[in-house]
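Shown next: query-v5.txt, given as compact mmCIF, C-alpha atoms.
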# COMPACT_ATOMS: atom_id res chain seq x y z
CA MET A 191 7.04 -98.54 174.63
CA SER A 192 5.90 -95.05 175.61
CA GLU A 193 3.47 -94.64 178.48
CA GLU A 194 2.09 -91.39 177.20
CA GLY A 195 1.44 -90.16 173.67
CA GLY A 196 4.16 -87.66 172.90
CA PRO A 197 4.37 -85.58 169.77
CA GLY A 198 4.16 -87.85 166.76
CA ALA A 199 3.09 -90.88 168.84
CA PRO A 200 -0.04 -92.68 167.65
CA ASN A 201 -3.03 -91.65 169.72
CA ALA A 202 -5.75 -93.50 167.88
CA ASP A 203 -8.36 -93.57 170.62
CA ALA A 204 -7.58 -89.99 171.74
CA THR A 205 -7.24 -91.09 175.36
CA PRO A 206 -5.87 -88.20 177.40
CA SER A 207 -2.48 -88.84 178.99
CA THR A 208 -4.02 -88.93 182.45
CA GLY A 209 -6.25 -91.99 181.85
CA ALA A 210 -4.15 -94.66 180.03
CA SER A 211 -2.65 -97.26 182.37
CA SER A 212 -0.22 -99.86 181.07
CA ALA A 213 -2.83 -102.55 181.86
CA ASP A 214 -5.33 -100.85 179.55
CA GLU A 215 -2.66 -100.42 176.92
CA GLY A 216 -1.67 -104.11 177.15
CA GLN A 217 -5.29 -105.24 176.92
CA ARG A 218 -5.94 -103.04 173.88
CA ALA A 219 -2.83 -104.37 172.17
CA LEU A 220 -3.98 -107.95 172.82
CA ASP A 221 -7.54 -107.22 171.63
CA ALA A 222 -6.23 -105.62 168.45
CA LEU A 223 -4.19 -108.74 167.68
CA ALA A 224 -7.14 -111.14 168.14
CA LEU A 225 -4.74 -113.97 169.02
CA GLY A 226 -5.39 -117.54 167.96
CA ASP A 227 -5.04 -120.46 170.40
CA ASP A 228 -1.55 -121.39 169.15
CA GLU A 229 -0.38 -117.81 169.52
CA ARG A 230 -1.75 -117.56 173.04
CA LEU A 231 0.09 -120.76 173.95
CA VAL A 232 3.39 -119.40 172.65
CA LEU A 233 2.95 -116.13 174.53
CA ALA A 234 1.99 -117.97 177.72
CA LYS A 235 5.10 -120.15 177.50
CA VAL A 236 7.33 -117.16 176.83
CA ALA A 237 5.77 -115.26 179.75
CA ASP A 238 6.33 -118.30 181.98
CA ILE A 239 10.01 -118.42 181.01
CA LEU A 240 10.41 -114.68 181.57
CA ARG A 241 9.02 -115.09 185.08
CA ARG A 242 11.54 -117.83 185.85
CA ILE A 243 14.77 -116.27 184.63
CA ASN A 244 16.61 -113.13 185.54
CA TYR A 245 19.37 -113.14 182.92
CA GLY A 246 19.51 -115.11 179.73
CA THR A 247 18.37 -115.62 176.18
CA VAL A 248 15.13 -117.03 174.78
CA VAL A 249 15.07 -118.25 171.18
CA LEU A 250 11.87 -118.97 169.24
CA VAL A 251 12.42 -121.14 166.18
CA VAL A 252 9.85 -120.31 163.49
CA GLN A 253 8.97 -122.50 160.52
CA ASP A 254 6.28 -121.65 158.00
CA GLY A 255 4.92 -118.90 160.22
CA LYS A 256 4.63 -121.10 163.31
CA VAL A 257 6.80 -121.34 166.42
CA VAL A 258 8.06 -124.92 166.35
CA GLN A 259 10.54 -124.76 169.21
CA ILE A 260 11.37 -122.69 172.27
CA GLU A 261 14.93 -122.81 173.58
CA MET A 262 16.63 -120.83 176.28
CA ALA A 263 19.89 -120.24 178.07
CA GLU A 264 20.00 -118.95 181.60
CA LYS A 265 22.94 -117.14 183.10
CA PHE A 266 24.04 -117.06 186.74
CA ARG A 267 26.80 -115.00 188.24
CA LEU A 268 28.95 -117.12 190.59
CA ARG A 269 31.74 -114.78 191.67
CA MET B 240 5.72 -127.03 169.44
CA VAL B 241 8.82 -128.38 171.17
CA ASP B 242 9.41 -126.60 174.45
CA VAL B 243 12.66 -127.80 176.02
CA THR B 244 12.78 -125.16 178.69
CA ASP B 245 10.88 -127.13 181.33
CA ALA B 246 13.02 -130.23 181.57
CA LEU B 247 15.96 -128.78 183.39
CA VAL B 248 14.50 -126.07 185.60
CA PRO B 249 15.49 -126.41 188.37
CA SER B 250 18.69 -128.11 187.35
CA ALA B 251 19.03 -131.80 188.16
CA GLY B 252 21.98 -130.74 190.29
CA GLU B 253 19.61 -129.21 192.81
CA ALA B 254 17.60 -132.36 193.50
CA GLY B 255 18.82 -135.05 195.94
CA THR B 256 22.45 -136.04 196.49
CA PRO B 257 24.54 -134.76 193.60
CA LYS B 258 26.47 -137.36 191.61
CA LEU B 259 29.63 -135.30 191.92
CA SER B 260 30.34 -132.52 194.30
CA VAL B 261 33.26 -130.16 194.75
CA ARG B 262 33.50 -128.12 197.94
CA ASN B 263 35.84 -125.15 198.31
CA LEU B 264 38.45 -126.98 196.28
CA THR B 265 41.93 -125.53 195.91
CA VAL B 266 44.42 -127.37 193.74
CA ALA B 267 48.09 -126.58 193.28
CA ARG B 268 50.65 -127.93 190.85
CA ARG B 269 54.42 -127.93 191.10
CA GLN B 270 56.31 -126.29 188.27
CA ALA B 271 59.64 -127.55 186.91
CA SER B 272 61.40 -124.94 189.08
CA GLY B 273 59.86 -126.55 192.17
CA GLU B 274 57.59 -123.57 192.77
CA LEU B 275 54.06 -124.49 193.84
CA VAL B 276 51.43 -122.63 191.80
CA THR B 277 47.77 -122.45 192.78
CA ALA B 278 45.80 -123.64 189.76
CA ALA B 279 42.23 -123.33 191.06
CA ALA B 280 41.14 -121.65 194.27
CA GLY B 281 38.00 -122.12 196.37
CA VAL B 282 35.89 -123.80 193.69
CA THR B 283 32.47 -125.15 194.70
CA PHE B 284 29.91 -126.81 192.43
CA ASP B 285 27.63 -129.84 192.14
CA VAL B 286 26.89 -132.06 189.19
CA GLY B 287 23.54 -133.86 189.24
CA ARG B 288 23.09 -137.47 188.19
CA GLY B 289 22.68 -137.61 184.41
CA GLU B 290 23.88 -134.07 183.82
CA PHE B 291 26.39 -133.00 181.20
CA VAL B 292 28.62 -130.24 182.57
CA CYS B 293 31.54 -128.51 180.86
CA LEU B 294 34.26 -126.67 182.77
CA LEU B 295 35.52 -123.91 180.55
CA GLY B 296 38.36 -121.51 181.11
CA PRO B 297 41.65 -120.12 179.84
CA SER B 298 44.84 -122.21 179.97
CA GLY B 299 46.21 -122.53 183.48
CA CYS B 300 42.89 -121.89 185.23
CA GLY B 301 43.03 -125.28 186.94
CA LYS B 302 40.15 -126.97 185.13
CA THR B 303 42.23 -130.08 184.37
CA SER B 304 43.43 -130.15 187.98
CA ILE B 305 39.82 -130.18 189.18
CA LEU B 306 39.00 -133.00 186.77
CA ASN B 307 42.00 -134.98 188.02
CA VAL B 308 40.70 -134.64 191.57
CA LEU B 309 37.28 -135.90 190.44
CA ALA B 310 39.00 -138.81 188.68
CA GLY B 311 40.92 -139.58 191.87
CA LEU B 312 44.26 -139.08 190.11
CA ASP B 313 45.23 -136.03 192.11
CA ARG B 314 44.66 -134.71 195.62
CA PRO B 315 43.47 -131.21 196.40
CA ALA B 316 45.59 -128.76 198.42
CA SER B 317 42.43 -128.05 200.38
CA GLY B 318 38.71 -128.65 200.11
CA GLN B 319 37.01 -131.89 199.11
CA ALA B 320 35.48 -133.72 196.19
CA PHE B 321 32.68 -136.29 196.51
CA VAL B 322 31.04 -138.94 194.36
CA ASP B 323 27.54 -139.95 195.52
CA GLY B 324 28.25 -138.04 198.74
CA ARG B 325 31.40 -140.08 199.53
CA PRO B 326 34.85 -138.43 199.56
CA ILE B 327 36.93 -139.32 196.50
CA THR B 328 40.10 -141.08 197.61
CA GLY B 329 41.31 -142.60 194.33
CA PRO B 330 40.33 -143.72 190.85
CA GLY B 331 37.48 -146.20 190.42
CA PRO B 332 35.64 -148.06 187.66
CA ASP B 333 32.61 -145.86 188.25
CA ARG B 334 34.54 -142.92 186.73
CA ALA B 335 36.11 -143.35 183.28
CA VAL B 336 38.46 -140.70 181.91
CA LEU B 337 38.97 -139.66 178.30
CA PHE B 338 42.35 -137.98 177.95
CA GLN B 339 43.59 -135.72 175.19
CA ASP B 340 45.95 -138.54 174.21
CA PRO B 341 43.79 -141.67 173.69
CA ALA B 342 46.52 -143.85 175.32
CA LEU B 343 45.55 -147.09 173.57
CA PHE B 344 47.90 -150.03 174.00
CA PRO B 345 49.74 -150.17 170.66
CA TRP B 346 50.32 -153.93 170.76
CA LEU B 347 46.60 -154.68 171.10
CA THR B 348 44.01 -154.40 168.35
CA VAL B 349 41.24 -151.82 168.66
CA ALA B 350 38.84 -154.53 169.86
CA GLY B 351 41.57 -155.88 172.14
CA ASN B 352 41.90 -152.50 173.81
CA VAL B 353 38.17 -152.36 174.51
CA GLU B 354 38.11 -155.96 175.71
CA LEU B 355 40.96 -155.27 178.11
CA ALA B 356 38.87 -152.56 179.79
CA LEU B 357 36.09 -155.15 180.20
CA ARG B 358 38.53 -157.72 181.62
CA LEU B 359 39.63 -155.21 184.25
CA ILE B 360 36.08 -155.00 185.56
CA ASP B 361 35.69 -158.81 185.50
CA VAL B 362 33.31 -159.14 182.58
CA PRO B 363 33.23 -162.86 181.65
CA VAL B 364 35.32 -163.79 178.60
CA ALA B 365 32.25 -164.91 176.65
CA GLU B 366 30.65 -161.48 176.94
CA ARG B 367 33.71 -159.34 176.25
CA ARG B 368 33.93 -159.85 172.51
CA ASP B 369 30.27 -159.02 171.80
CA ARG B 370 30.18 -156.06 174.15
CA ALA B 371 33.39 -154.61 172.70
CA ARG B 372 32.16 -155.02 169.14
CA SER B 373 28.81 -153.51 169.95
CA TRP B 374 30.48 -150.36 171.29
CA LEU B 375 32.85 -150.22 168.33
CA ALA B 376 29.80 -150.36 166.06
CA THR B 377 28.20 -147.53 168.05
CA VAL B 378 31.16 -145.25 167.42
CA GLY B 379 31.46 -146.33 163.77
CA LEU B 380 34.67 -148.37 164.12
CA MET B 381 33.38 -151.87 163.42
CA ARG B 382 35.49 -152.14 160.25
CA PHE B 383 38.61 -151.36 162.27
CA ALA B 384 38.04 -153.74 165.17
CA ASP B 385 41.03 -155.87 164.17
CA ALA B 386 43.30 -152.96 163.23
CA HIS B 387 46.07 -151.72 165.51
CA PRO B 388 46.00 -148.15 166.87
CA HIS B 389 48.82 -146.94 164.59
CA GLU B 390 46.67 -147.81 161.55
CA LEU B 391 43.95 -145.36 162.63
CA SER B 392 43.65 -141.60 162.23
CA ALA B 393 43.80 -139.43 165.35
CA GLY B 394 40.00 -139.05 165.29
CA MET B 395 39.48 -142.79 165.00
CA ARG B 396 41.88 -143.46 167.87
CA GLN B 397 39.91 -141.07 170.06
CA ARG B 398 36.70 -142.78 168.99
CA ALA B 399 38.24 -146.11 170.04
CA ALA B 400 39.09 -144.54 173.40
CA LEU B 401 35.48 -143.37 173.71
CA ALA B 402 34.25 -146.91 172.99
CA ARG B 403 36.71 -148.30 175.55
CA ALA B 404 35.55 -145.80 178.18
CA LEU B 405 31.83 -146.40 177.60
CA ALA B 406 32.09 -150.19 177.22
CA ALA B 407 32.92 -150.50 180.91
CA ASP B 408 29.55 -148.82 181.59
CA PRO B 409 30.87 -146.17 184.00
CA GLU B 410 28.38 -143.95 185.78
CA VAL B 411 30.61 -140.94 185.17
CA LEU B 412 32.63 -140.02 182.09
CA LEU B 413 35.29 -137.37 182.66
CA GLY B 414 36.83 -135.77 179.56
CA ASP B 415 40.05 -133.78 179.69
CA GLU B 416 40.15 -131.82 176.42
CA PRO B 417 39.52 -135.14 174.65
CA PHE B 418 39.18 -133.55 171.21
CA GLY B 419 41.98 -131.02 171.62
CA GLN B 420 44.31 -132.63 169.12
CA LEU B 421 41.75 -133.37 166.43
CA ASP B 422 41.10 -131.47 163.22
CA ALA B 423 37.85 -129.53 162.98
CA GLN B 424 35.89 -132.24 161.13
CA ALA B 425 37.01 -135.10 163.38
CA ARG B 426 36.22 -132.93 166.39
CA GLU B 427 32.66 -132.31 165.16
CA LEU B 428 32.10 -136.02 164.52
CA LEU B 429 33.30 -136.86 168.02
CA GLN B 430 31.09 -134.15 169.52
CA ASP B 431 28.14 -135.83 167.80
CA GLU B 432 29.19 -139.27 169.08
CA VAL B 433 29.49 -137.98 172.63
CA GLN B 434 26.11 -136.25 172.47
CA ARG B 435 24.51 -139.45 171.15
CA ALA B 436 26.15 -141.58 173.85
CA TRP B 437 24.97 -139.19 176.55
CA VAL B 438 21.40 -139.04 175.19
CA ALA B 439 21.32 -142.84 174.82
CA SER B 440 22.17 -143.25 178.50
CA GLU B 441 18.80 -141.62 179.31
CA GLY B 442 19.95 -139.83 182.41
CA ARG B 443 22.01 -142.71 183.84
CA LYS B 444 25.41 -141.31 182.91
CA THR B 445 26.97 -138.11 184.14
CA PHE B 446 29.48 -136.41 181.84
CA VAL B 447 31.96 -133.74 182.94
CA PHE B 448 34.22 -132.39 180.22
CA VAL B 449 36.99 -129.84 180.46
CA THR B 450 37.66 -127.65 177.44
CA HIS B 451 38.91 -124.23 176.44
CA ASN B 452 36.77 -124.36 173.30
CA VAL B 453 33.70 -122.21 173.97
CA ARG B 454 31.67 -123.57 171.07
CA GLU B 455 32.36 -127.16 172.07
CA ALA B 456 31.24 -126.51 175.64
CA VAL B 457 27.97 -124.90 174.55
CA VAL B 458 27.19 -127.64 172.01
CA LEU B 459 27.79 -130.42 174.53
CA ALA B 460 26.70 -129.26 177.96
CA ASP B 461 23.54 -128.71 179.99
CA ARG B 462 25.59 -126.39 182.12
CA VAL B 463 28.77 -124.54 181.26
CA LEU B 464 30.84 -123.37 184.24
CA VAL B 465 33.12 -120.54 183.14
CA MET B 466 36.34 -120.10 185.11
CA SER B 467 38.66 -117.13 185.48
CA ALA B 468 42.35 -117.08 184.56
CA GLY B 469 44.63 -118.79 187.11
CA PRO B 470 44.19 -119.18 189.95
CA GLY B 471 40.84 -120.25 188.56
CA ARG B 472 37.59 -119.33 190.25
CA LEU B 473 34.07 -119.83 188.97
CA LEU B 474 32.80 -116.72 187.20
CA GLU B 475 29.47 -117.57 185.63
CA GLU B 476 27.23 -120.52 184.89
CA PHE B 477 25.18 -120.91 181.73
CA ARG B 478 22.31 -123.42 181.68
CA ILE B 479 21.46 -124.34 178.13
CA HIS B 480 18.04 -125.73 177.33
CA ALA B 481 18.12 -126.73 173.68
CA PRO B 482 17.40 -130.07 172.05
CA ARG B 483 20.18 -132.40 170.95
CA PRO B 484 22.08 -133.09 168.89
CA ARG B 485 23.02 -129.42 168.80
CA GLN B 486 24.85 -127.93 165.88
CA LEU B 487 27.60 -125.35 166.02
CA ASP B 488 25.52 -122.77 164.15
CA ASP B 489 22.25 -123.08 166.12
CA ALA B 490 20.90 -119.63 167.05
CA LEU B 491 20.98 -120.20 170.80
CA VAL B 492 24.42 -121.84 170.65
CA SER B 493 25.82 -118.88 168.68
CA ARG B 494 24.31 -116.34 171.05
CA VAL B 495 25.66 -118.05 174.20
CA VAL B 496 29.06 -118.58 172.56
CA THR B 497 29.28 -114.84 171.83
CA GLU B 498 28.41 -114.00 175.41
CA ILE B 499 30.90 -116.45 176.96
CA HIS B 500 33.60 -115.39 174.53
CA ALA B 501 33.17 -111.74 175.57
CA LEU B 502 33.31 -112.75 179.24
CA LEU B 503 36.52 -114.74 178.72
CA MET B 504 38.17 -111.96 176.70
CA GLN B 505 37.34 -109.49 179.45
CA GLU B 506 38.83 -111.91 181.97
CA VAL B 507 41.99 -112.53 179.93
CA ASN B 508 42.50 -108.79 179.33
CA ALA B 509 42.09 -108.08 183.04
CA ASP B 510 44.63 -110.83 183.78
CA VAL B 511 47.12 -109.35 181.29
CA ALA B 512 46.61 -105.91 182.86
CA ARG B 513 47.24 -107.39 186.33
CA THR B 514 50.43 -109.19 185.34
CA THR B 515 51.88 -106.34 183.27
CA GLY B 516 50.77 -103.62 185.68
CA ARG B 517 49.11 -101.63 182.89

Mind turning the file's structure into structure tokens?
Amino acid sequence: MSEEGGPGAPNADATPSTGASSADEGQRALDALALGDDERLVLAKVADILRRINYGTVVLVVQDGKVVQIEMAEKFRLR
Amino acid sequence: MVDVTDALVPSAGEAGTPKLSVRNLTVARRQASGELVTAAAGVTFDVGRGEFVCLLGPSGCGKTSILNVLAGLDRPASGQAFVDGRPITGPGPDRAVLFQDPALFPWLTVAGNVELALRLIDVPVAERRDRARSWLATVGLMRFADAHPHELSAGMRQRAALARALAADPEVLLGDEPFGQLDAQARELLQDEVQRAWVASEGRKTFVFVTHNVREAVVLADRVLVMSAGPGRLLEEFRIHAPRPRQLDDALVSRVVTEIHALLMQEVNADVARTTGR
């Protein structure tokens, strides 16, 4: 994900490179998606998992366009 | 949406007194030449009540030796092992063991073998028959209750051993490569049986299995402890939060298997380089 619009990068709102923070960029991306309640729930759960693990794998199982299951494996180094 | 990621974070092993505990355990075994070889060195881990843990590692890493210490069949060279916080001094009915060889008594019927296990823990005669048959039904061997072990396939014999182990209602089931000698299909069936038995215990039974089969470990366990080549030390732990029964080709299972396999190959290659000096 580029922080600044380089050559060839989309620059739809013509924001100059000095003004766009990643918070603004994230908010715009979310607004553009107009998420439904189910989608917000999935993203919240994934964000919660990402906050809790340092190394691992998260798997979303999708059926008929919907996330039906979230699984994960967490890895710890013991040596 | 099924979210199974909450249930085990933090791991059950981190709450209260662990069911099993291994502290700085070093185990040695004597070779035929009389030389004492360190199998596992300085191993420390806990297993929470109701957890399913697999110890995984290359041959000779000492995983079976650790299991034998937990079973009370072997003594450590140093360090300690505990059950419910008490030092393990010998075998006990609270810890059943499933060996690679089912070790059924050949002169007893399948039901007779299970009933004998119940007699040893003083279950009244009247109860033994029903309890044995109920467990044989659970593992799909009801039709063979009156058969003798030699009439069964290897997979069925191991299923009988599983019924015998669980019939005595142990709090801990220790498995030492219990499916090592089975063909792929029988192995998968047994993996399903074991998963069902563990789920049915609803957190009352603690399972610790030793295997060198990566896929088996990931399908069965909440936590997989990966050991180095001998002398074995703990390398990494994988906590797997996926619903059961798991299948060998589940996406998460496959991904974790790939990762553990790469880790073990790296470990084995490093061990070969050490021993050959290359």

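Picture a line from atom CA of B:Phe321 to atom CA of B:Asp333; it runs 12.6 Å.
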
Compile a residue-level contact table for chain A against chain B at a cut-off of 12 Å, reporting for every qualifying residue the shortest atom pair and its distance in Å to one decimal, with all atoms listed in the file counted, rows ordered by chain and ascending number, as CSV.
residue,atom,partner,partner_atom,distance
A:Asp228,CA,B:Met240,CA,9.2
A:Glu229,CA,B:Met240,CA,11.1
A:Leu231,CA,B:Met240,CA,9.6
A:Val232,CA,B:Met240,CA,8.6
A:Ala234,CA,B:Asp242,CA,11.8
A:Lys235,CA,B:Asp242,CA,8.3
A:Val236,CA,B:Thr244,CA,9.9
A:Asp238,CA,B:Asp245,CA,10.0
A:Ile239,CA,B:Thr244,CA,7.6
A:Leu240,CA,B:Thr244,CA,11.1
A:Arg242,CA,B:Val248,CA,8.8
A:Ile243,CA,B:Val248,CA,9.9
A:Tyr245,CA,B:Phe477,CA,9.8
A:Gly246,CA,B:Phe477,CA,8.4
A:Thr247,CA,B:Leu491,CA,7.5
A:Val248,CA,B:Leu491,CA,7.8
A:Val249,CA,B:Leu491,CA,6.2
A:Leu250,CA,B:Ala490,CA,9.3
A:Val251,CA,B:Ala490,CA,8.7
A:Val252,CA,B:Met240,CA,9.9
A:Gln253,CA,B:Met240,CA,10.5
A:Lys256,CA,B:Met240,CA,8.6
A:Val257,CA,B:Met240,CA,6.5
A:Val258,CA,B:Met240,CA,4.4
A:Gln259,CA,B:Val241,CA,4.5
A:Ile260,CA,B:Asp242,CA,4.9
A:Glu261,CA,B:Ala481,CA,5.1
A:Met262,CA,B:His480,CA,5.2
A:Ala263,CA,B:Ile479,CA,4.4
A:Glu264,CA,B:Arg478,CA,5.0
A:Lys265,CA,B:Phe477,CA,4.6
A:Phe266,CA,B:Glu476,CA,5.1
A:Arg267,CA,B:Glu475,CA,4.5
A:Leu268,CA,B:Glu475,CA,5.0
A:Arg269,CA,B:Leu474,CA,5.0

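Between atom CA of B:Leu459 and atom CA of B:Ser493 there is a distance of 13.1 Å.
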
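Atom to atom, atom CA of B:Pro484 and atom CA of B:Phe418 stand 17.3 Å apart.
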
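Those residues that approach B:Asp340 to within 8 Å, counting only C-alpha atoms, are Phe338, Ala342, Gln397, Pro417 and Gln420 of chain B; same-chain residues fewer than 2 positions away are not listed.
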
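Proximity of B:Ser440, B:Leu428, B:Asn307, B:Ala404 to B:Leu357, computed with only C-alpha atoms, is greatest for B:Ala404.
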
>> I'd like the contact shell of B:Pro330 - 12 Å cut-off, all atoms listed in the file, skipping same-chain residues fewer than 5 positions apart - returned as a VMD selection string.
In response: chain B and resid 306 to 314 322 335 to 336 409 411 413

>> With all atoms listed in the file as the counted atoms, please give the residues lying no more than 12 Å from A:Leu220, apart from itself and same-chain residues fewer than 6 positions off, as a count of residues only.
In response: 6
